[in-house]
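Asker: One structure, pasted below without further comment.
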Amino acid sequence: MKTLFINSCIREEDSRTYKFASKFIEKLKEKHQRIIIDEIKLMDLDLKPYLYSDIKKRDELISKNDFNDPMFKYANQFKDYDFVIIATPFWDLSFPSILKVYIEKLCVNNLTFKYENNREHGLCKLSKFMLIATSGGERIDNKLNYLFDIIDFLSSKKVKKYYSYLNGLDMMDENNIKGVMKKAINDFDKIICEI
Ligand SMILES: Cc1cc2nc3c(=O)[nH]c(=O)nc-3n(C[C@H](O)[C@H](O)[C@H](O)COP(=O)(O)O)c2cc1C
């Protein structure tokens, strides 16, 4: 199972989301010893939002079915994964903008999705998706559903979706955080058994 771990934890090693997600990855590797997990650390990429000139170039290349340009690097890479994991903090009722910029690079007409019979069809392989997030105050609940929608949009298959959220961490003391994190890490087992 080819797995892509999209790390959007801006505070890197200090990030609680990253520490939490690392436990998931650790447990996943214990259970599936031959799993291949590639990590993509968004903070290390030179990601920039599209400007008009980029979109013009992109449309021209798409019209020629030429997807070899470096601007399609992340879309080409994403296509072939079976399982995708996103780890992100909850920022401003959403997620850090770097993740949105990365998603812009994934959505490429005729490469990762296409229009057919008046609707969109995903062209990517993934059939499993896990979202890991933490918040400071708000309950995340359905507020990150856009990420599930994007995954459905890009996939050619019915995607099994999983998530684990730690809510309200900024309102807890260190002991409380350790407690909720420990419980949630134990709950990973149920998810990992299904994957
Ligand atoms: C720029 C920024 C925006 C944030 N926005 C929210 C928010 O809208 N709602 C919320 O509950 N917490 C918000 N938080 C708090 C984080 O979600 C919380 O501290 C989270 O656990 C941080 O994860 P990290 O340790 O992985 O960075 C925000 C934090 C930052 C730095």
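Convention: chains lettered A, B, ... in structure tokens order; per-chain residue numbering from 1; ligands numbered from 1 as shown.
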Let me have all residues with an atom within 6 Å of ligand 1, counting only C-alpha atoms and all ligand atoms, laid out as a ChimeraX atom specification.

Answerer: /A:9,11,15-18,89-93,134-138,169-170

Asker: For the residues selected in the previous step, produce a file with N, CA, C and O atoms as a PDB file, in the first residue's frame.

Answerer:
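Final output, again-v1.pdb:
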ATOM      1  N   CYS A   9       2.150  20.612   9.275  1.00  0.00           N
ATOM      2  CA  CYS A   9       2.321  21.061  10.668  1.00  0.00           C
ATOM      3  C   CYS A   9       3.402  22.130  10.712  1.00  0.00           C
ATOM      4  O   CYS A   9       4.601  21.841  10.809  1.00  0.00           O
ATOM      5  N   ARG A  11       4.508  24.234  12.781  1.00  0.00           N
ATOM      6  CA  ARG A  11       5.460  24.370  13.895  1.00  0.00           C
ATOM      7  C   ARG A  11       6.432  23.177  13.980  1.00  0.00           C
ATOM      8  O   ARG A  11       7.075  22.943  15.008  1.00  0.00           O
ATOM      9  N   SER A  15       5.262  20.945  16.870  1.00  0.00           N
ATOM     10  CA  SER A  15       3.822  20.842  16.619  1.00  0.00           C
ATOM     11  C   SER A  15       3.229  19.627  17.330  1.00  0.00           C
ATOM     12  O   SER A  15       3.710  18.497  17.191  1.00  0.00           O
ATOM     13  N   ARG A  16       2.128  19.882  18.047  1.00  0.00           N
ATOM     14  CA  ARG A  16       1.445  18.765  18.721  1.00  0.00           C
ATOM     15  C   ARG A  16       0.766  17.883  17.693  1.00  0.00           C
ATOM     16  O   ARG A  16       0.701  16.674  17.860  1.00  0.00           O
ATOM     17  N   THR A  17       0.275  18.508  16.639  1.00  0.00           N
ATOM     18  CA  THR A  17      -0.353  17.717  15.571  1.00  0.00           C
ATOM     19  C   THR A  17       0.671  16.765  14.964  1.00  0.00           C
ATOM     20  O   THR A  17       0.371  15.598  14.679  1.00  0.00           O
ATOM     21  N   TYR A  18       1.886  17.265  14.770  1.00  0.00           N
ATOM     22  CA  TYR A  18       2.929  16.428  14.176  1.00  0.00           C
ATOM     23  C   TYR A  18       3.281  15.264  15.103  1.00  0.00           C
ATOM     24  O   TYR A  18       3.421  14.114  14.660  1.00  0.00           O
ATOM     25  N   PRO A  89      -2.707  21.448  11.737  1.00  0.00           N
ATOM     26  CA  PRO A  89      -3.384  22.169  12.820  1.00  0.00           C
ATOM     27  C   PRO A  89      -4.618  22.883  12.266  1.00  0.00           C
ATOM     28  O   PRO A  89      -4.712  23.121  11.055  1.00  0.00           O
ATOM     29  N   PHE A  90      -5.542  23.207  13.138  1.00  0.00           N
ATOM     30  CA  PHE A  90      -6.745  23.964  12.773  1.00  0.00           C
ATOM     31  C   PHE A  90      -6.397  25.444  12.911  1.00  0.00           C
ATOM     32  O   PHE A  90      -6.035  25.897  13.997  1.00  0.00           O
ATOM     33  N   TRP A  91      -6.433  26.148  11.815  1.00  0.00           N
ATOM     34  CA  TRP A  91      -6.051  27.565  11.812  1.00  0.00           C
ATOM     35  C   TRP A  91      -7.196  28.392  11.247  1.00  0.00           C
ATOM     36  O   TRP A  91      -7.678  28.117  10.137  1.00  0.00           O
ATOM     37  N   ASP A  92      -7.573  29.424  11.981  1.00  0.00           N
ATOM     38  CA  ASP A  92      -8.563  30.392  11.483  1.00  0.00           C
ATOM     39  C   ASP A  92      -9.785  29.695  10.888  1.00  0.00           C
ATOM     40  O   ASP A  92     -10.181  29.973   9.748  1.00  0.00           O
ATOM     41  N   LEU A  93     -10.317  28.766  11.676  1.00  0.00           N
ATOM     42  CA  LEU A  93     -11.503  27.972  11.308  1.00  0.00           C
ATOM     43  C   LEU A  93     -11.270  27.120  10.065  1.00  0.00           C
ATOM     44  O   LEU A  93     -12.216  26.668   9.421  1.00  0.00           O
ATOM     45  N   THR A 134      -5.485  19.050  15.102  1.00  0.00           N
ATOM     46  CA  THR A 134      -5.698  19.502  16.484  1.00  0.00           C
ATOM     47  C   THR A 134      -6.146  20.967  16.452  1.00  0.00           C
ATOM     48  O   THR A 134      -5.779  21.720  15.554  1.00  0.00           O
ATOM     49  N   SER A 135      -6.933  21.329  17.473  1.00  0.00           N
ATOM     50  CA  SER A 135      -7.370  22.729  17.567  1.00  0.00           C
ATOM     51  C   SER A 135      -7.047  23.282  18.950  1.00  0.00           C
ATOM     52  O   SER A 135      -6.818  22.525  19.903  1.00  0.00           O
ATOM     53  N   GLY A 136      -7.073  24.628  19.027  1.00  0.00           N
ATOM     54  CA  GLY A 136      -6.792  25.286  20.302  1.00  0.00           C
ATOM     55  C   GLY A 136      -8.037  25.448  21.149  1.00  0.00           C
ATOM     56  O   GLY A 136      -8.017  25.231  22.359  1.00  0.00           O
ATOM     57  N   GLY A 137      -9.159  25.817  20.501  1.00  0.00           N
ATOM     58  CA  GLY A 137     -10.367  26.101  21.256  1.00  0.00           C
ATOM     59  C   GLY A 137     -11.587  25.433  20.676  1.00  0.00           C
ATOM     60  O   GLY A 137     -12.288  24.671  21.332  1.00  0.00           O
ATOM     61  N   GLU A 138     -11.827  25.712  19.384  1.00  0.00           N
ATOM     62  CA  GLU A 138     -13.043  25.223  18.730  1.00  0.00           C
ATOM     63  C   GLU A 138     -13.041  23.705  18.607  1.00  0.00           C
ATOM     64  O   GLU A 138     -11.985  23.093  18.492  1.00  0.00           O
ATOM     65  N   LEU A 169      -6.919  22.104  22.615  1.00  0.00           N
ATOM     66  CA  LEU A 169      -5.656  21.873  23.345  1.00  0.00           C
ATOM     67  C   LEU A 169      -5.141  23.128  24.060  1.00  0.00           C
ATOM     68  O   LEU A 169      -4.510  23.027  25.111  1.00  0.00           O
ATOM     69  N   ASP A 170      -5.445  24.310  23.506  1.00  0.00           N
ATOM     70  CA  ASP A 170      -4.921  25.543  24.133  1.00  0.00           C
ATOM     71  C   ASP A 170      -5.622  25.863  25.453  1.00  0.00           C
ATOM     72  O   ASP A 170      -5.177  26.744  26.192  1.00  0.00           O
TER      73      ASP A 170
END

Asker: Need to verify the contact set: A:Leu45, 12 Å, only C-alpha atoms, exclusion of same-chain residues closer than 6 positions in sequence. Can you return it as a ChimeraX atom specification?

Answerer: /A:6-8,39,73-74,98-99,101-102,105

Asker: May I have all residues of stretch 52-122 of chain A that DSSP, computed from the backbone, assigns to strand (DSSP E), given as a list in words?

Answerer: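 So the strand (DSSP E) residues in stretch 52-122 of chain A would be Phe83, Val84, Ile85, Ile86, Ala87, Thr88, Pro89, Phe113, Lys114, Tyr115, Glu116, Arg119, Glu120, His121 and Gly122 of chain A.
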
Asker: Interatomic distance between atom CA of A:Phe83 and atom CA of A:Lys128?

Answerer: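 So the answer is 4.7 Å.
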
Asker: Extract, using only C-alpha atoms, all DNA, RNA and protein residues at most 9 Å from A:Lys161, discarding same-chain residues fewer than 4 positions from it, and format them as a list in words.

Answerer: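 These residues fall inside the cut-off: Ser127, Lys128, Phe129, Met130, Leu131 and Phe148 of chain A.
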
Asker: What gap, in Å, lies between atom CA of A:Thr88 and atom CA of A:Leu42?

Answerer: 10.5 Å

Asker: Please determine, counting only C-alpha atoms, which residue among A:Phe72, A:Tyr146, A:Tyr163, A:Phe20 has the shortest atom-to-atom distance to A:Val180.

Answerer: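 When distances to A:Val180 are compared using only C-alpha atoms, the smallest one comes from A:Phe20.
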
Asker: From a DSSP pass on the backbone, collect the residues of stretch 45-99 of chain A flagged as alpha helix (DSSP H) and hand them back as a ChimeraX atom specification.

Answerer: /A:52-63,73-78,97-99

Asker: What's the 12 Å shell around A:Lys29, counting only C-alpha atoms, without same-chain residues fewer than 4 positions away, as a compact mmCIF listing (two decimals) with all heavy atoms, in the first residue's frame?

Answerer:
# COMPACT_ATOMS: atom_id res chain seq x y z
N MET A 1 0.85 -1.19 0.00
CA MET A 1 0.00 0.00 0.00
C MET A 1 0.89 1.25 0.00
O MET A 1 1.57 1.54 0.97
CB MET A 1 -0.88 -0.03 1.26
CG MET A 1 -1.83 1.12 1.35
SD MET A 1 -3.09 0.87 2.63
CE MET A 1 -2.12 0.47 4.08
N THR A 3 1.75 4.85 0.43
CA THR A 3 1.13 5.84 1.33
C THR A 3 1.86 7.18 1.26
O THR A 3 3.09 7.22 1.28
CB THR A 3 1.16 5.30 2.78
OG1 THR A 3 0.43 4.07 2.79
CG2 THR A 3 0.54 6.25 3.77
N SER A 22 2.75 11.48 14.18
CA SER A 22 3.91 10.58 14.17
C SER A 22 3.58 9.26 14.87
O SER A 22 4.06 8.20 14.47
CB SER A 22 5.10 11.21 14.88
OG SER A 22 5.46 12.38 14.22
N LYS A 23 2.76 9.34 15.90
CA LYS A 23 2.34 8.11 16.60
C LYS A 23 1.50 7.24 15.67
O LYS A 23 1.59 6.02 15.68
CB LYS A 23 1.53 8.45 17.86
CG LYS A 23 2.37 9.01 18.97
CD LYS A 23 3.20 7.89 19.60
CE LYS A 23 4.17 8.46 20.61
NZ LYS A 23 5.24 7.50 20.96
N PHE A 24 0.64 7.91 14.89
CA PHE A 24 -0.17 7.16 13.94
C PHE A 24 0.72 6.44 12.93
O PHE A 24 0.55 5.24 12.67
CB PHE A 24 -1.15 8.10 13.21
CG PHE A 24 -2.04 7.39 12.23
CD1 PHE A 24 -3.13 6.65 12.67
CD2 PHE A 24 -1.76 7.42 10.87
CE1 PHE A 24 -3.94 5.97 11.77
CE2 PHE A 24 -2.56 6.73 9.97
CZ PHE A 24 -3.65 6.02 10.42
N ILE A 25 1.70 7.17 12.43
CA ILE A 25 2.61 6.59 11.42
C ILE A 25 3.38 5.42 12.06
O ILE A 25 3.56 4.36 11.43
CB ILE A 25 3.62 7.66 10.92
CG1 ILE A 25 2.89 8.88 10.35
CG2 ILE A 25 4.64 7.08 9.94
CD1 ILE A 25 2.35 8.75 8.97
N GLN A 33 4.14 -3.97 8.16
CA GLN A 33 5.60 -3.79 8.15
C GLN A 33 6.18 -3.50 6.78
O GLN A 33 7.27 -2.96 6.68
CB GLN A 33 6.25 -4.99 8.82
CG GLN A 33 5.83 -5.02 10.27
CD GLN A 33 6.54 -6.04 11.12
OE1 GLN A 33 7.23 -6.90 10.61
NE2 GLN A 33 6.33 -5.95 12.42
N ARG A 34 5.42 -3.86 5.73
CA ARG A 34 5.99 -3.62 4.38
C ARG A 34 5.43 -2.35 3.74
O ARG A 34 5.64 -2.12 2.55
CB ARG A 34 5.75 -4.85 3.51
CG ARG A 34 6.68 -5.99 3.96
CD ARG A 34 6.26 -7.32 3.45
NE ARG A 34 6.24 -7.37 1.99
CZ ARG A 34 5.69 -8.36 1.31
NH1 ARG A 34 5.14 -9.36 1.94
NH2 ARG A 34 5.72 -8.35 0.00
N ILE A 35 4.76 -1.57 4.55
CA ILE A 35 4.14 -0.36 3.99
C ILE A 35 5.23 0.65 3.57
O ILE A 35 6.27 0.78 4.23
CB ILE A 35 3.18 0.28 5.03
CG1 ILE A 35 2.24 1.28 4.38
CG2 ILE A 35 3.92 0.92 6.19
CD1 ILE A 35 1.07 1.69 5.29
N ILE A 36 4.99 1.32 2.47
CA ILE A 36 5.92 2.38 2.02
C ILE A 36 5.25 3.71 2.31
O ILE A 36 4.15 3.97 1.81
CB ILE A 36 6.20 2.27 0.50
CG1 ILE A 36 6.80 0.91 0.18
CG2 ILE A 36 7.10 3.40 0.02
CD1 ILE A 36 6.66 0.53 -1.28
N ILE A 37 5.88 4.53 3.14
CA ILE A 37 5.29 5.83 3.47
C ILE A 37 6.24 6.94 3.03
O ILE A 37 7.36 7.03 3.51
CB ILE A 37 5.00 5.97 4.98
CG1 ILE A 37 4.13 4.81 5.47
CG2 ILE A 37 4.32 7.31 5.28
CD1 ILE A 37 3.82 4.82 6.96
N ASP A 189 -5.65 2.26 17.00
CA ASP A 189 -5.60 0.82 16.71
C ASP A 189 -6.80 0.36 15.88
O ASP A 189 -6.66 -0.43 14.95
CB ASP A 189 -5.52 0.00 18.01
CG ASP A 189 -4.18 0.23 18.71
OD1 ASP A 189 -3.24 0.69 18.04
OD2 ASP A 189 -4.09 -0.06 19.92
N ILE A 192 -6.37 1.55 12.35
CA ILE A 192 -5.27 0.85 11.66
C ILE A 192 -5.65 -0.59 11.32
O ILE A 192 -5.26 -1.12 10.28
CB ILE A 192 -3.98 0.96 12.51
CG1 ILE A 192 -3.45 2.40 12.38
CG2 ILE A 192 -2.92 -0.05 12.07
CD1 ILE A 192 -2.33 2.76 13.31
N CYS A 193 -6.48 -1.21 12.16
CA CYS A 193 -6.95 -2.57 11.86
C CYS A 193 -7.77 -2.60 10.58
O CYS A 193 -7.76 -3.59 9.85
CB CYS A 193 -7.83 -3.08 13.00
SG CYS A 193 -6.85 -3.92 14.22
N ILE A 195 -7.43 -0.52 8.02
CA ILE A 195 -6.69 -0.04 6.84
C ILE A 195 -5.96 -1.18 6.13
O ILE A 195 -5.41 -2.04 6.76
CB ILE A 195 -5.72 1.10 7.26
CG1 ILE A 195 -6.54 2.36 7.56
CG2 ILE A 195 -4.69 1.40 6.18
CD1 ILE A 195 -5.77 3.43 8.27

Asker: Please compute the atom CA of A:Lys64-atom CA of A:Val84 distance, one decimal, in Å.

Answerer: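 Pair atom CA of A:Lys64 / atom CA of A:Val84 returns 29.2 Å.
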
Asker: Let me make sure I understand: among A:Ser97, A:Lys27, A:Pro70, A:Ile10, which one has the smallest atom-to-atom distance to A:Asp44 if we use only C-alpha atoms?

Answerer: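 Ranking A:Ser97, A:Lys27, A:Pro70, A:Ile10 by distance to A:Asp44, first place goes to A:Ile10.
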